[in-house]
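S.K.: This is start_4.cif (mmCIF, C-alpha atoms).
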data_run
#
loop_
_atom_site.label_atom_id
_atom_site.label_comp_id
_atom_site.auth_asym_id
_atom_site.auth_seq_id
_atom_site.Cartn_x
_atom_site.Cartn_y
_atom_site.Cartn_z
CA MET Q 1 -3.87 1.30 -8.77
CA ASN Q 2 -6.39 2.35 -6.17
CA ILE Q 3 -9.14 -0.30 -6.11
CA VAL Q 4 -11.18 0.87 -3.08
CA SER Q 5 -11.45 4.41 -1.72
CA PRO Q 6 -13.75 6.76 0.22
CA LYS Q 7 -13.36 9.43 -2.47
CA ASP Q 8 -16.07 10.61 -4.85
CA LYS Q 9 -18.09 7.69 -6.22
CA ASN Q 10 -17.66 8.99 -9.75
CA ASP Q 11 -13.88 9.39 -9.85
CA GLY Q 12 -13.14 6.06 -11.58
CA HIS Q 13 -12.32 3.83 -8.59
CA ALA Q 14 -13.44 0.22 -8.83
CA LEU Q 15 -15.26 0.34 -5.48
CA TRP Q 16 -16.42 3.13 -3.20
CA VAL Q 17 -16.71 2.69 0.57
CA HIS Q 18 -18.11 4.94 3.26
CA GLN Q 19 -14.96 4.60 5.41
CA GLN Q 20 -11.57 6.27 5.47
CA THR Q 21 -9.81 3.27 3.92
CA PHE Q 22 -7.90 2.77 0.67
CA PHE Q 23 -7.01 -0.51 -1.05
CA ASN Q 24 -4.18 -0.36 -3.59
CA LEU Q 25 -2.92 -3.12 -5.86
CA GLY Q 26 0.13 -2.77 -8.05
CA ILE Q 27 2.58 -4.70 -10.18
CA PHE Q 28 6.09 -3.24 -10.22
CA GLU Q 29 9.20 -4.00 -12.26
CA LYS Q 30 12.53 -5.15 -10.82
CA ASP Q 31 15.09 -2.56 -9.69
CA THR Q 32 12.62 0.28 -9.26
CA SER Q 33 11.26 2.04 -6.21
CA ILE Q 34 8.00 3.72 -5.34
CA THR Q 35 7.02 6.18 -2.66
CA TYR Q 36 3.63 5.77 -1.01
CA LYS Q 37 2.13 8.91 0.50
CA VAL Q 38 -0.47 8.21 3.18
CA ASN Q 39 -3.85 9.70 2.24
CA ILE Q 40 -4.90 10.45 5.83
CA PRO Q 41 -2.12 11.12 8.40
CA GLU Q 42 -3.84 9.15 11.19
CA ASN Q 43 -4.11 6.02 9.03
CA GLY Q 44 -1.84 3.00 9.18
CA ILE Q 45 -0.78 0.66 6.39
CA TYR Q 46 -1.07 -3.10 6.00
CA LEU Q 47 1.28 -4.16 3.21
CA PHE Q 48 0.96 -7.69 1.80
CA LEU Q 49 3.42 -8.96 -0.80
CA ILE Q 50 1.65 -11.31 -3.21
CA GLU Q 51 4.62 -12.01 -5.52
CA GLY Q 52 8.27 -10.98 -5.81
CA GLU Q 53 10.70 -9.47 -3.34
CA ILE Q 54 10.68 -5.96 -1.90
CA GLU Q 55 12.42 -3.93 0.79
CA VAL Q 56 10.73 -1.51 3.17
CA ASP Q 57 12.67 0.25 5.93
CA ASN Q 58 15.60 -2.19 5.55
CA GLN Q 59 13.22 -5.18 5.90
CA ILE Q 60 13.16 -7.74 3.07
CA LEU Q 61 9.73 -9.17 2.25
CA LYS Q 62 9.15 -12.30 0.16
CA PRO Q 63 5.90 -13.75 -1.24
CA ARG Q 64 3.08 -13.89 1.31
CA ASP Q 65 4.99 -11.71 3.81
CA ALA Q 66 3.16 -8.77 5.35
CA MET Q 67 3.98 -5.81 7.54
CA GLU Q 68 2.28 -3.01 9.42
CA ILE Q 69 3.47 0.52 8.77
CA THR Q 70 2.43 3.36 11.10
CA ASP Q 71 3.47 6.88 12.01
CA PHE Q 72 4.75 7.81 8.55
CA GLU Q 73 3.45 10.39 6.10
CA GLN Q 74 5.19 8.52 3.29
CA PHE Q 75 7.59 5.62 2.82
CA GLU Q 76 9.65 4.04 0.07
CA ILE Q 77 9.30 0.52 -1.32
CA LYS Q 78 12.32 -0.85 -3.19
CA ILE Q 79 11.43 -3.52 -5.74
CA ASN Q 80 14.13 -6.22 -5.78
CA SER Q 81 12.29 -8.51 -8.22
CA LYS Q 82 9.07 -8.04 -10.18
CA ALA Q 83 6.44 -7.68 -7.47
CA LYS Q 84 2.69 -7.66 -6.95
CA ILE Q 85 1.72 -5.70 -3.83
CA LEU Q 86 -1.57 -5.21 -1.97
CA LEU Q 87 -1.48 -2.16 0.28
CA VAL Q 88 -4.39 -1.37 2.60
CA GLU Q 89 -4.58 2.00 4.36
CA VAL Q 90 -6.95 2.03 7.32
CA PRO Q 91 -7.82 4.28 10.29
CA MET Q 92 -5.69 3.61 13.37
CA LYS Q 93 -7.25 6.05 15.84
#
With the file now loaded, output its structure as structure tokens.

M.R.:
Amino acid sequence: MNIVSPKDKNDGHALWVHQQTFFNLGIFEKDTSITYKVNIPENGIYLFLIEGEIEVDNQILKPRDAMEITDFEQFEIKINSKAKILLVEVPMK
């Protein structure tokens, strides 16, 4: 679920910001995977795992682990156990 975005103020997002940043929060079930497509190609991603266990680019993350993801148009997140993820997309250039 997108919770902060620079998109149209009236499109249903919880918060609108005047920056090219996106905050996403999601709860995902075990043994699933999701693909995140970067909204703006020059942006980078800060991924913070609140609960559960996930795998990104062959890296296992556990609760309170975080990682930076750059230079990708999209990437896959494998959910190893029920997970709560905060993903922040921000300008890098």

S.K.: When you look at stretch 69-82 of chain Q with a cut-off of 8 Å (counting only C-alpha atoms), what residues show up, excluding the ones that are within fewer than 2 positions of it in the same chain? I need them as a short mmCIF file (atom, residue, chain, number, x, y, z; two decimals) with C-alpha atoms, in the frame of the given file.

M.R.:
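Saved to part22.cif:
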data_model
loop_
_atom_site.label_atom_id
_atom_site.label_comp_id
_atom_site.auth_asym_id
_atom_site.auth_seq_id
_atom_site.Cartn_x
_atom_site.Cartn_y
_atom_site.Cartn_z
CA ILE Q 27 2.58 -4.70 -10.18
CA PHE Q 28 6.09 -3.24 -10.22
CA GLU Q 29 9.20 -4.00 -12.26
CA LYS Q 30 12.53 -5.15 -10.82
CA ASP Q 31 15.09 -2.56 -9.69
CA THR Q 32 12.62 0.28 -9.26
CA SER Q 33 11.26 2.04 -6.21
CA ILE Q 34 8.00 3.72 -5.34
CA THR Q 35 7.02 6.18 -2.66
CA TYR Q 36 3.63 5.77 -1.01
CA LYS Q 37 2.13 8.91 0.50
CA VAL Q 38 -0.47 8.21 3.18
CA PRO Q 41 -2.12 11.12 8.40
CA GLU Q 42 -3.84 9.15 11.19
CA ASN Q 43 -4.11 6.02 9.03
CA GLY Q 44 -1.84 3.00 9.18
CA ILE Q 45 -0.78 0.66 6.39
CA TYR Q 46 -1.07 -3.10 6.00
CA LEU Q 47 1.28 -4.16 3.21
CA GLU Q 51 4.62 -12.01 -5.52
CA GLY Q 52 8.27 -10.98 -5.81
CA GLU Q 53 10.70 -9.47 -3.34
CA ILE Q 54 10.68 -5.96 -1.90
CA GLU Q 55 12.42 -3.93 0.79
CA VAL Q 56 10.73 -1.51 3.17
CA ASP Q 57 12.67 0.25 5.93
CA MET Q 67 3.98 -5.81 7.54
CA LYS Q 84 2.69 -7.66 -6.95
#

S.K.: One decimal, Å: what's the distance from atom CA of Q:Ile50 over to atom CA of Q:Ala83, could you say?

M.R.: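 It comes out at 7.4 Å.
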
S.K.: Expand the PyMOL selection byres ((chain Q and resi 18) around 6) into the explicit residue set it covers here, and present it as JSON, numbers by chain.

M.R.: {"Q": [6, 17, 19]}

S.K.: Write to file, as a compact mmCIF listing (two decimals), in the coordinates of the input, the residues of the selection just made, with C-alpha atoms.

M.R.:
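The new file again-v5.txt reads:
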# COMPACT_ATOMS: atom_id res chain seq x y z
CA PRO Q 6 -13.75 6.76 0.22
CA VAL Q 17 -16.71 2.69 0.57
CA GLN Q 19 -14.96 4.60 5.41

S.K.: Between atom CA of Q:Leu87 and atom CA of Q:Gln59, measure the distance and give it in Å to one decimal.

M.R.: 16.0 Å

S.K.: Please report, as JSON, the centre and edge lengths in Å to one decimal of an axis-aligned box covering all listed atoms of stretch 32-35 of chain Q with 5 Å per side.

M.R.:
{"center_x": 9.8, "center_y": 3.2, "center_z": -6.0, "size_x": 15.6, "size_y": 15.9, "size_z": 16.6}

S.K.: Just to confirm, what's the straight-line distance from atom CA of Q:Met92 to atom CA of Q:Phe22 in Å (one decimal)?

M.R.: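 Computing the Euclidean distance for atom CA of Q:Met92 and atom CA of Q:Phe22 yields 12.9 Å.
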
S.K.: List as a list in words the residues having at least one atom at most 7 Å from position (-0.4, -11.3, 3.9) as given in the file, counting all atoms listed in the file.

M.R.: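 The residues that fall inside the cut-off are Phe48, Leu49, Arg64, Asp65 and Ala66 of chain Q.
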
S.K.: Write out as a PyMOL selection string the residues lying within 10 Å of Q:Asn24, counting only C-alpha atoms and excluding same-chain residues fewer than 5 positions away.

M.R.: chain Q and resi 1-5+47+85-89
